[in-house]
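The data block below is query-v7.cif; it holds mmCIF, C-alpha atoms and all ligand atoms.
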data_target
#
loop_
_atom_site.group_PDB
_atom_site.id
_atom_site.type_symbol
_atom_site.label_atom_id
_atom_site.label_comp_id
_atom_site.auth_asym_id
_atom_site.auth_seq_id
_atom_site.Cartn_x
_atom_site.Cartn_y
_atom_site.Cartn_z
ATOM 1 C CA MET A 1 21.316 14.923 11.808
ATOM 2 C CA ILE A 2 17.665 13.845 12.110
ATOM 3 C CA ARG A 3 15.744 13.988 8.795
ATOM 4 C CA ASN A 4 12.012 13.699 9.297
ATOM 5 C CA ASP A 5 11.317 13.572 5.580
ATOM 6 C CA ARG A 6 12.954 10.128 5.571
ATOM 7 C CA THR A 7 11.622 6.743 6.679
ATOM 8 C CA PHE A 8 13.729 3.805 7.784
ATOM 9 C CA GLN A 9 12.398 0.669 6.055
ATOM 10 C CA CYS A 10 12.780 -2.356 8.259
ATOM 11 C CA ILE A 11 12.382 -5.820 6.723
ATOM 12 C CA ILE A 12 12.447 -8.551 9.325
ATOM 13 C CA ASN A 13 11.160 -11.538 7.405
ATOM 14 C CA ASP A 14 11.550 -13.300 4.073
ATOM 15 C CA ARG A 15 8.253 -15.167 3.721
ATOM 16 C CA CYS A 16 4.527 -14.525 3.586
ATOM 17 C CA ASN A 17 1.373 -16.473 4.475
ATOM 18 C CA ASN A 18 -0.345 -15.058 1.348
ATOM 19 C CA ASN A 19 0.823 -15.590 -2.222
ATOM 20 C CA CYS A 20 -0.490 -12.485 -4.016
ATOM 21 C CA LEU A 21 -0.617 -12.407 -7.786
ATOM 22 C CA PHE A 22 0.910 -8.913 -7.748
ATOM 23 C CA CYS A 23 3.520 -9.426 -5.002
ATOM 24 C CA ILE A 24 6.722 -7.549 -5.778
ATOM 25 C CA ASP A 25 8.661 -9.776 -3.360
ATOM 26 C CA ARG A 26 7.861 -12.999 -5.235
ATOM 27 C CA ASN A 27 8.440 -14.159 -8.757
ATOM 28 C CA ASP A 28 6.532 -17.122 -10.220
ATOM 29 C CA GLY A 29 8.588 -16.772 -13.388
ATOM 30 C CA LYS A 30 12.036 -18.174 -13.928
ATOM 31 C CA SER A 31 14.101 -14.997 -13.904
ATOM 32 C CA ALA A 32 15.941 -13.923 -10.772
ATOM 33 C CA GLN A 33 14.028 -11.973 -8.152
ATOM 34 C CA LYS A 34 14.545 -8.366 -9.000
ATOM 35 C CA ASN A 35 14.226 -6.888 -5.561
ATOM 36 C CA LYS A 36 16.102 -9.554 -3.599
ATOM 37 C CA ASP A 37 17.899 -6.847 -1.637
ATOM 38 C CA CYS A 38 14.642 -6.341 0.231
ATOM 39 C CA PHE A 39 15.494 -9.402 2.298
ATOM 40 C CA SER A 40 18.891 -8.189 3.330
ATOM 41 C CA HIS A 41 18.059 -7.454 6.966
ATOM 42 C CA ASN A 42 16.735 -10.891 7.604
ATOM 43 C CA ARG A 43 19.467 -12.660 5.719
ATOM 44 C CA THR A 44 22.433 -10.829 7.058
ATOM 45 C CA LYS A 45 21.421 -9.432 10.421
ATOM 46 C CA SER A 46 21.202 -11.381 13.635
ATOM 47 C CA HIS A 47 18.657 -10.316 16.252
ATOM 48 C CA LEU A 48 21.297 -8.321 18.122
ATOM 49 C CA GLN A 49 22.571 -6.681 14.938
ATOM 50 C CA LEU A 50 19.039 -5.595 14.056
ATOM 51 C CA VAL A 51 18.506 -4.083 17.515
ATOM 52 C CA ARG A 52 21.781 -2.140 17.089
ATOM 53 C CA LEU A 53 20.702 -1.071 13.612
ATOM 54 C CA LEU A 54 17.408 0.302 14.975
ATOM 55 C CA HIS A 55 19.279 2.423 17.527
ATOM 56 C CA LYS A 56 21.635 3.702 14.838
ATOM 57 C CA ALA A 57 18.799 4.498 12.415
ATOM 58 C CA ALA A 58 16.911 6.403 15.124
ATOM 59 C CA LEU A 59 19.745 8.931 15.142
ATOM 60 C CA LYS A 60 18.870 9.791 11.515
ATOM 61 C CA THR A 61 15.063 9.775 11.410
ATOM 62 C CA LYS A 62 12.059 9.411 13.712
ATOM 63 C CA ASN A 63 10.074 7.453 11.087
ATOM 64 C CA ILE A 64 10.231 3.699 10.729
ATOM 65 C CA ILE A 65 8.123 1.270 8.726
ATOM 66 C CA PHE A 66 8.052 -2.501 9.198
ATOM 67 C CA THR A 67 7.241 -3.777 5.749
ATOM 68 C CA GLY A 68 6.986 -6.900 3.570
ATOM 69 C CA PRO A 69 7.473 -9.751 3.229
ATOM 70 C CA GLU A 70 4.886 -10.161 5.992
ATOM 71 C CA PRO A 71 6.458 -8.724 9.202
ATOM 72 C CA THR A 72 3.973 -10.340 11.621
ATOM 73 C CA LEU A 73 5.426 -13.775 10.785
ATOM 74 C CA ASN A 74 8.549 -12.795 12.680
ATOM 75 C CA ASN A 75 7.725 -13.622 16.308
ATOM 76 C CA ALA A 76 10.055 -10.863 17.501
ATOM 77 C CA LEU A 77 8.040 -8.081 15.813
ATOM 78 C CA ILE A 78 6.525 -6.863 19.083
ATOM 79 C CA GLU A 79 9.973 -6.745 20.628
ATOM 80 C CA TYR A 80 11.338 -4.797 17.622
ATOM 81 C CA VAL A 81 8.490 -2.277 17.879
ATOM 82 C CA LYS A 82 9.283 -1.785 21.566
ATOM 83 C CA THR A 83 12.970 -1.386 20.708
ATOM 84 C CA ALA A 84 12.128 1.151 18.003
ATOM 85 C CA LYS A 85 10.074 3.144 20.489
ATOM 86 C CA ALA A 86 12.812 3.027 23.130
ATOM 87 C CA ALA A 87 15.384 4.067 20.509
ATOM 88 C CA GLY A 88 13.397 7.243 19.837
ATOM 89 C CA PHE A 89 11.272 6.551 16.767
ATOM 90 C CA THR A 90 7.990 8.435 17.132
ATOM 91 C CA ASN A 91 6.262 7.387 13.917
ATOM 92 C CA ILE A 92 6.250 3.564 13.929
ATOM 93 C CA ARG A 93 4.300 2.034 11.041
ATOM 94 C CA LEU A 94 3.458 -1.494 9.938
ATOM 95 C CA ILE A 95 2.321 -2.719 6.515
ATOM 96 C CA THR A 96 0.613 -6.086 6.874
ATOM 97 C CA ASN A 97 -1.886 -8.521 5.411
ATOM 98 C CA ALA A 98 -3.124 -8.499 9.025
ATOM 99 C CA ARG A 99 -4.054 -12.175 9.114
ATOM 100 C CA ARG A 100 -2.273 -12.635 12.421
ATOM 101 C CA LEU A 101 -4.167 -9.626 13.823
ATOM 102 C CA SER A 102 -7.369 -11.677 13.513
ATOM 103 C CA TYR A 103 -6.290 -13.012 16.909
ATOM 104 C CA MET A 104 -7.394 -10.248 19.270
ATOM 105 C CA ALA A 105 -4.736 -10.966 21.909
ATOM 106 C CA TYR A 106 -1.975 -10.535 19.318
ATOM 107 C CA ALA A 107 -3.554 -7.384 17.829
ATOM 108 C CA LYS A 108 -3.833 -5.889 21.315
ATOM 109 C CA ALA A 109 -0.232 -6.746 22.215
ATOM 110 C CA LEU A 110 1.007 -5.220 18.966
ATOM 111 C CA ILE A 111 -0.892 -1.970 19.508
ATOM 112 C CA SER A 112 0.277 -1.783 23.123
ATOM 113 C CA SER A 113 3.908 -2.242 22.072
ATOM 114 C CA GLY A 114 4.027 1.265 20.583
ATOM 115 C CA LEU A 115 2.913 1.043 16.942
ATOM 116 C CA THR A 116 1.492 4.353 15.809
ATOM 117 C CA GLU A 117 0.070 3.260 12.443
ATOM 118 C CA ILE A 118 -1.117 0.044 10.779
ATOM 119 C CA ILE A 119 -1.769 -0.292 7.040
ATOM 120 C CA VAL A 120 -3.859 -3.353 6.207
ATOM 121 C CA SER A 121 -3.842 -4.881 2.709
ATOM 122 C CA LEU A 122 -7.332 -6.005 1.666
ATOM 123 C CA HIS A 123 -8.082 -6.649 -1.998
ATOM 124 C CA GLY A 124 -11.777 -7.271 -2.441
ATOM 125 C CA SER A 125 -15.212 -6.989 -0.865
ATOM 126 C CA ASN A 126 -15.643 -10.745 -0.681
ATOM 127 C CA ARG A 127 -13.880 -14.058 -0.235
ATOM 128 C CA LYS A 128 -14.014 -14.967 -3.924
ATOM 129 C CA ILE A 129 -12.097 -11.907 -5.139
ATOM 130 C CA HIS A 130 -9.702 -11.416 -2.231
ATOM 131 C CA ASP A 131 -8.723 -15.104 -1.948
ATOM 132 C CA ALA A 132 -8.303 -15.362 -5.737
ATOM 133 C CA LEU A 133 -5.808 -12.477 -5.626
ATOM 134 C CA THR A 134 -3.967 -13.675 -2.529
ATOM 135 C CA ARG A 135 -4.159 -17.268 -3.829
ATOM 136 C CA THR A 136 -4.778 -18.248 -0.206
ATOM 137 C CA LYS A 137 -8.003 -19.799 1.011
ATOM 138 C CA GLY A 138 -9.343 -18.240 4.205
ATOM 139 C CA SER A 139 -7.278 -15.037 3.907
ATOM 140 C CA PHE A 140 -10.377 -12.837 3.426
ATOM 141 C CA GLU A 141 -11.987 -14.116 6.646
ATOM 142 C CA GLN A 142 -8.830 -13.473 8.664
ATOM 143 C CA THR A 143 -8.043 -10.033 7.247
ATOM 144 C CA THR A 144 -11.596 -8.745 7.706
ATOM 145 C CA LYS A 145 -11.676 -10.176 11.249
ATOM 146 C CA ALA A 146 -8.431 -8.239 11.867
ATOM 147 C CA CYS A 147 -10.142 -5.065 10.593
ATOM 148 C CA SER A 148 -12.963 -5.614 13.108
ATOM 149 C CA ASN A 149 -10.386 -6.070 15.859
ATOM 150 C CA LEU A 150 -8.550 -2.860 14.902
ATOM 151 C CA ASN A 151 -11.841 -1.013 14.641
ATOM 152 C CA SER A 152 -12.732 -1.879 18.207
ATOM 153 C CA LEU A 153 -9.182 -1.410 19.576
ATOM 154 C CA ARG A 154 -9.070 2.075 18.050
ATOM 155 C CA GLN A 155 -11.936 3.095 20.322
ATOM 156 C CA ARG A 156 -9.681 2.634 23.362
ATOM 157 C CA HIS A 157 -6.145 3.107 22.018
ATOM 158 C CA GLN A 158 -4.340 5.914 20.213
ATOM 159 C CA PHE A 159 -3.152 4.758 16.795
ATOM 160 C CA VAL A 160 -4.010 5.290 13.151
ATOM 161 C CA TRP A 161 -5.086 2.483 10.877
ATOM 162 C CA ARG A 162 -5.784 2.363 7.163
ATOM 163 C CA ILE A 163 -6.882 -0.100 4.500
ATOM 164 C CA ASN A 164 -5.076 -0.310 1.161
ATOM 165 C CA ILE A 165 -6.249 -2.186 -1.925
ATOM 166 C CA THR A 166 -4.150 -3.004 -4.983
ATOM 167 C CA LEU A 167 -6.456 -2.192 -7.905
ATOM 168 C CA ASN A 168 -6.270 -4.495 -10.919
ATOM 169 C CA ALA A 169 -8.390 -6.025 -13.674
ATOM 170 C CA ILE A 170 -9.768 -8.674 -11.292
ATOM 171 C CA ASN A 171 -11.083 -6.383 -8.514
ATOM 172 C CA ALA A 172 -11.716 -3.077 -10.362
ATOM 173 C CA GLY A 173 -15.417 -3.836 -10.959
ATOM 174 C CA ASP A 174 -15.801 -4.583 -7.236
ATOM 175 C CA LEU A 175 -14.323 -1.295 -6.000
ATOM 176 C CA LEU A 176 -17.580 0.341 -4.938
ATOM 177 C CA GLU A 177 -18.564 -2.734 -2.898
ATOM 178 C CA PHE A 178 -15.045 -2.770 -1.459
ATOM 179 C CA TYR A 179 -15.456 0.874 -0.337
ATOM 180 C CA ARG A 180 -18.808 0.019 1.237
ATOM 181 C CA LEU A 181 -17.201 -2.807 3.207
ATOM 182 C CA ALA A 182 -14.226 -0.678 4.334
ATOM 183 C CA LEU A 183 -16.459 2.231 5.346
ATOM 184 C CA ARG A 184 -18.250 -0.032 7.811
ATOM 185 C CA PHE A 185 -15.108 0.254 9.952
ATOM 186 C CA LYS A 186 -15.886 3.615 11.479
ATOM 187 C CA THR A 187 -12.465 4.307 12.996
ATOM 188 C CA ILE A 188 -10.480 3.904 9.782
ATOM 189 C CA ALA A 189 -8.367 6.932 8.728
ATOM 190 C CA SER A 190 -8.073 6.273 4.980
ATOM 191 C CA ILE A 191 -8.763 3.830 2.176
ATOM 192 C CA GLY A 192 -5.892 3.920 -0.288
ATOM 193 C CA VAL A 193 -5.940 2.523 -3.791
ATOM 194 C CA ASN A 194 -2.565 1.293 -5.063
ATOM 195 C CA THR A 195 -1.934 -0.020 -8.531
ATOM 196 C CA VAL A 196 0.234 -2.953 -9.509
ATOM 197 C CA ILE A 197 3.982 -2.279 -9.468
ATOM 198 C CA PRO A 198 5.463 -4.156 -12.449
ATOM 199 C CA SER A 199 8.139 -5.972 -10.508
ATOM 200 C CA GLY A 200 8.304 -9.566 -9.199
ATOM 201 C CA ASN A 201 4.895 -11.204 -9.731
ATOM 202 C CA GLY A 202 3.512 -7.774 -10.611
ATOM 203 C CA LEU A 203 5.599 -8.008 -13.782
ATOM 204 C CA VAL A 204 5.005 -11.719 -14.417
ATOM 205 C CA PHE A 205 1.219 -11.193 -14.348
ATOM 206 C CA LEU A 206 1.118 -7.635 -15.732
ATOM 207 C CA ASP A 207 -1.035 -8.572 -18.767
ATOM 208 C CA ARG A 208 -3.574 -10.304 -16.554
ATOM 209 C CA LEU A 209 -3.643 -7.594 -13.861
ATOM 210 C CA SER A 210 -3.257 -4.257 -15.643
ATOM 211 C CA PRO A 211 -4.210 -4.669 -19.301
ATOM 212 C CA ASN A 212 -5.546 -1.131 -19.484
ATOM 213 C CA TYR A 213 -4.808 1.788 -17.160
ATOM 214 C CA THR A 214 -7.724 3.787 -18.598
ATOM 215 C CA TYR A 215 -10.120 1.066 -17.427
ATOM 216 C CA LEU A 216 -8.597 1.145 -13.930
ATOM 217 C CA ALA A 217 -8.855 4.944 -13.779
ATOM 218 C CA GLU A 218 -12.501 4.849 -14.936
ATOM 219 C CA SER A 219 -13.326 2.156 -12.376
ATOM 220 C CA PHE A 220 -11.861 4.342 -9.645
ATOM 221 C CA LYS A 221 -13.810 7.416 -10.776
ATOM 222 C CA ASN A 222 -17.067 5.420 -11.005
ATOM 223 C CA ALA A 223 -16.611 3.920 -7.561
ATOM 224 C CA LEU A 224 -16.019 7.366 -6.029
ATOM 225 C CA ALA A 225 -19.082 8.724 -7.817
ATOM 226 C CA GLY A 226 -21.149 5.822 -6.470
ATOM 227 C CA LEU A 227 -20.126 6.583 -2.900
ATOM 228 C CA LYS A 228 -22.950 8.773 -1.693
ATOM 229 C CA SER A 229 -23.506 7.594 1.827
ATOM 230 C CA PRO A 230 -21.694 7.613 4.179
ATOM 231 C CA SER A 231 -19.826 10.652 2.944
ATOM 232 C CA PRO A 232 -16.255 9.847 1.814
ATOM 233 C CA GLN A 233 -15.246 13.292 3.081
ATOM 234 C CA ARG A 234 -14.610 12.002 6.611
ATOM 235 C CA ILE A 235 -11.701 9.813 5.549
ATOM 236 C CA GLY A 236 -8.793 9.929 3.113
ATOM 237 C CA LEU A 237 -9.441 8.410 -0.309
ATOM 238 C CA GLY A 238 -7.052 8.390 -3.198
ATOM 239 C CA ILE A 239 -5.173 6.452 -5.841
ATOM 240 C CA VAL A 240 -1.461 6.166 -6.570
ATOM 241 C CA GLY A 241 0.448 4.691 -9.500
ATOM 242 C CA LEU A 242 -1.619 6.105 -12.366
ATOM 243 C CA PRO A 243 -0.739 9.453 -13.995
ATOM 244 C CA VAL A 244 -2.901 12.523 -13.585
ATOM 245 C CA CYS A 245 -3.804 12.728 -17.306
ATOM 246 C CA LEU A 246 -6.156 9.749 -16.838
ATOM 247 C CA PHE A 247 -8.137 11.867 -14.365
ATOM 248 C CA LYS A 248 -8.833 15.013 -16.374
ATOM 249 C CA LYS A 249 -11.042 17.516 -14.496
ATOM 250 C CA VAL A 250 -10.697 15.471 -11.258
ATOM 251 C CA GLU A 251 -6.909 15.597 -11.006
ATOM 252 C CA HIS A 252 -7.065 16.285 -7.250
ATOM 253 C CA ILE A 253 -8.059 12.663 -6.529
ATOM 254 C CA VAL A 254 -4.603 11.408 -7.548
ATOM 255 C CA GLY A 255 -1.638 11.192 -5.191
ATOM 256 C CA ILE A 256 -0.709 10.239 -1.667
ATOM 257 C CA PHE A 257 -3.564 9.243 0.607
ATOM 258 C CA GLU A 258 -2.274 9.837 4.104
ATOM 259 C CA THR A 259 -4.677 12.741 4.364
ATOM 260 C CA ALA A 260 -8.032 13.267 2.692
ATOM 261 C CA LEU A 261 -7.563 13.347 -1.035
ATOM 262 C CA ILE A 262 -10.959 14.633 -1.819
ATOM 263 C CA ASN A 263 -9.236 17.733 -0.621
ATOM 264 C CA LYS A 264 -10.897 21.071 -0.238
ATOM 265 C CA ASN A 265 -8.227 22.971 -2.157
ATOM 266 C CA LYS A 266 -8.424 20.501 -5.034
ATOM 267 C CA THR A 267 -4.674 20.503 -5.387
ATOM 268 C CA VAL A 268 -2.763 17.584 -6.887
ATOM 269 C CA ARG A 269 -0.686 15.654 -4.334
ATOM 270 C CA ILE A 270 2.751 14.701 -5.546
ATOM 271 C CA GLU A 271 3.666 11.005 -5.697
ATOM 272 C CA GLU A 272 7.107 9.687 -4.964
ATOM 273 C CA ARG A 273 9.487 9.540 -7.923
ATOM 274 C CA ASP A 274 10.771 6.178 -9.126
ATOM 275 C CA PRO A 275 13.349 5.773 -11.891
ATOM 276 C CA GLU A 276 11.185 2.980 -13.349
ATOM 277 C CA ARG A 277 8.422 5.507 -14.055
ATOM 278 C CA ILE A 278 8.999 7.516 -17.214
ATOM 279 C CA LYS A 279 7.487 10.274 -19.329
ATOM 280 C CA GLY A 280 6.843 10.432 -23.081
ATOM 281 C CA LYS A 281 7.639 13.045 -25.714
ATOM 282 C CA LEU A 282 4.186 14.655 -25.468
ATOM 283 C CA CYS A 283 4.501 15.010 -21.707
ATOM 284 C CA ALA A 284 6.557 18.181 -22.220
ATOM 285 C CA LYS A 285 3.292 19.941 -23.133
ATOM 286 C CA CYS A 286 1.442 18.741 -20.043
ATOM 287 C CA LYS A 287 0.753 21.138 -17.200
ATOM 288 C CA TYR A 288 1.628 18.389 -14.700
ATOM 289 C CA VAL A 289 4.992 17.512 -16.273
ATOM 290 C CA SER A 290 6.998 18.727 -13.276
ATOM 291 C CA THR A 291 4.872 17.030 -10.613
ATOM 292 C CA CYS A 292 3.770 13.848 -12.427
ATOM 293 C CA ALA A 293 5.619 10.681 -11.377
ATOM 294 C CA GLY A 294 5.198 9.223 -14.897
ATOM 295 C CA VAL A 295 4.143 5.763 -16.108
ATOM 296 C CA TRP A 296 5.815 2.439 -15.309
ATOM 297 C CA LYS A 297 8.385 1.568 -17.995
ATOM 298 C CA PRO A 298 7.274 -2.096 -18.469
ATOM 299 C CA TYR A 299 3.684 -0.924 -19.056
ATOM 300 C CA ILE A 300 4.774 1.558 -21.750
ATOM 301 C CA LYS A 301 6.964 -1.103 -23.363
ATOM 302 C CA ARG A 302 3.905 -3.338 -23.810
ATOM 303 C CA TYR A 303 1.102 -0.868 -24.465
ATOM 304 C CA GLY A 304 2.695 2.408 -25.596
ATOM 305 C CA TRP A 305 1.703 6.026 -24.904
ATOM 306 C CA LYS A 306 -1.644 6.288 -26.690
ATOM 307 C CA GLU A 307 -3.749 6.483 -23.493
ATOM 308 C CA PHE A 308 -1.743 9.343 -22.016
ATOM 309 C CA ILE A 309 -2.849 12.670 -23.478
ATOM 310 C CA PRO A 310 -1.295 15.770 -21.861
ATOM 311 C CA VAL A 311 -3.426 18.033 -19.706
ATOM 312 C CA LEU A 312 -3.187 21.488 -21.291
HETATM 313 S S1 LIG B 1 3.266 14.369 -17.663
HETATM 314 FE FE1 LIG B 1 2.706 12.814 -19.186
HETATM 315 S S2 LIG B 1 2.173 10.980 -18.016
HETATM 316 FE FE2 LIG B 1 2.203 12.717 -16.603
HETATM 317 S S3 LIG B 1 0.099 13.444 -16.490
HETATM 318 FE FE3 LIG B 1 1.088 14.637 -18.087
HETATM 319 S S4 LIG B 1 0.756 13.520 -20.015
HETATM 320 FE FE4 LIG B 1 0.290 12.135 -18.314
#

Can the structure in the file be given as C-alpha cells, please?
Ligand code: SF4
Amino acid sequence: MIRNDRTFQCIINDRCNNNCLFCIDRNDGKSAQKNKDCFSHNRTKSHLQLVRLLHKAALKTKNIIFTGPEPTLNNALIEYVKTAKAAGFTNIRLITNARRLSYMAYAKALISSGLTEIIVSLHGSNRKIHDALTRTKGSFEQTTKACSNLNSLRQRHQFVWRINITLNAINAGDLLEFYRLALRFKTIASIGVNTVIPSGNGLVFLDRLSPNYTYLAESFKNALAGLKSPSPQRIGLGIVGLPVCLFKKVEHIVGIFETALINKNKTVRIEERDPERIKGKLCAKCKYVSTCAGVWKPYIKRYGWKEFIPVL
C-alpha cells in the first residue's frame, strides 16, 4: 500500500567535503558514532541492489529524500534520481551542502534528471562565519555560487529550492544579515532555521554551539523583527528544534517550514516527534503539551528545565 505521509530516506555516500561542527554524521570525540546505521545503504548495498531497493520502496511511498552524508559526492546520484523517477517517485528531494552545484553544468544536469526539490545548507552571511562552522575554506564561495545557479535555473525549470541554516551560538548574531543574503535569491521557496541536534559532533560541541536556547530563540525573534523589506511574507520562514514556550505570544513562528510559517491563521505547526526529545514535570500544565515535540535530552541533562516555562 502506498503511504504518502512517509518518506524513503536514501543514503548513498559515507563522506562529506565539509566538516561541520554540528554534523550528526561525524564524531570528533572518541566514543562510537551513534548514528552509524545511516551509512548502511552505502556499506551494504551494491549499485544494482540500490536500484532494486528504489523500485521496491516506490511501491510503498512516492516520497524520497537523498540525504547526508553529502549525496552529490556519489557520482551516480543523477542516475539514482532518474531511477527514482522511473520507479514512480513523484516527490524527489535532495539535502546538500550544494558545493558541487556551484558548477552550472552539474546543477543543470541534476535538475534535468527529475529532482523536484533541493534543500541547501548555508550557515552564515559571510565567509568567516560559514567557513568557521563548516571548518572548510572556500565552502561559502561555492555554496553561495550554487544558490545563484539554482536561482537562475529556477526561472526556466520547475523545481522547488530552499535554504536551511543550523542556528547556533556562532551564527545567531548574524541571522538578520543571513536572511538579507538569502532573500536576494528571488526564486527561493523558504528559509528554514534548524537548531543543533545533540548527536555526533552536535553532541561533542553542544556547550560551544547551544549554551542557551533562550538566546537562540531571542536571536530568531530579533532577526524576524528586523526583516522589514523585502517582506518575509512571500516565502516560508520558521524554526525547528526549540520548544514553543520560548516563543510566547509568537508561537506560530515555530514548526515545520515547508510552507510559510508567518502563517495567516497563526496556528502552531507540529514538529516531528523524536524519542530523544522529552518533556518536564511542569509541561503537563502547558497548553502545547500535546503538540510540543519537547526538548533534547542531552540539553536538559546539562542545563535543566529552568528556561522552559509552560504557556498557560
Ligand atoms: S510542553 Fe513543555 S517544553 Fe513544550 S512548550 Fe510547553 S513547557 Fe515548553

Residues within 9 Å of ligand LIG 1 (chain B), counting only C-alpha atoms and all ligand atoms, as a VMD selection string: chain A and resid 242 to 247 278 to 295 305 307 to 312

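A straight line drawn from CA of Thr72 in chain A to CA of Val51 in chain A is 16.9 Å long.
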
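Here the residues that fall within 10 Å of (-16.1, -10.7, -0.4), using only C-alpha atoms, are given as His123, Gly124, Ser125, Asn126, Arg127, Lys128, Ile129, His130, Asp131, Phe140, Glu141, Thr144, Asp174, Glu177, Phe178 and Leu181 of chain A.
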
The PyMOL selection byres (((chain A and resi 61) around 10) and not hetatm) resolved against shown file, as number ranges by chain: A: 1-8, 56-60, 62-64, 88-91

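The shortest atom-to-atom distance to Arg26 in chain A, with all atoms listed in the file taken into account, belongs to A:Val204 out of A:Val204, A:Ile300, A:Ile165, A:Leu53.
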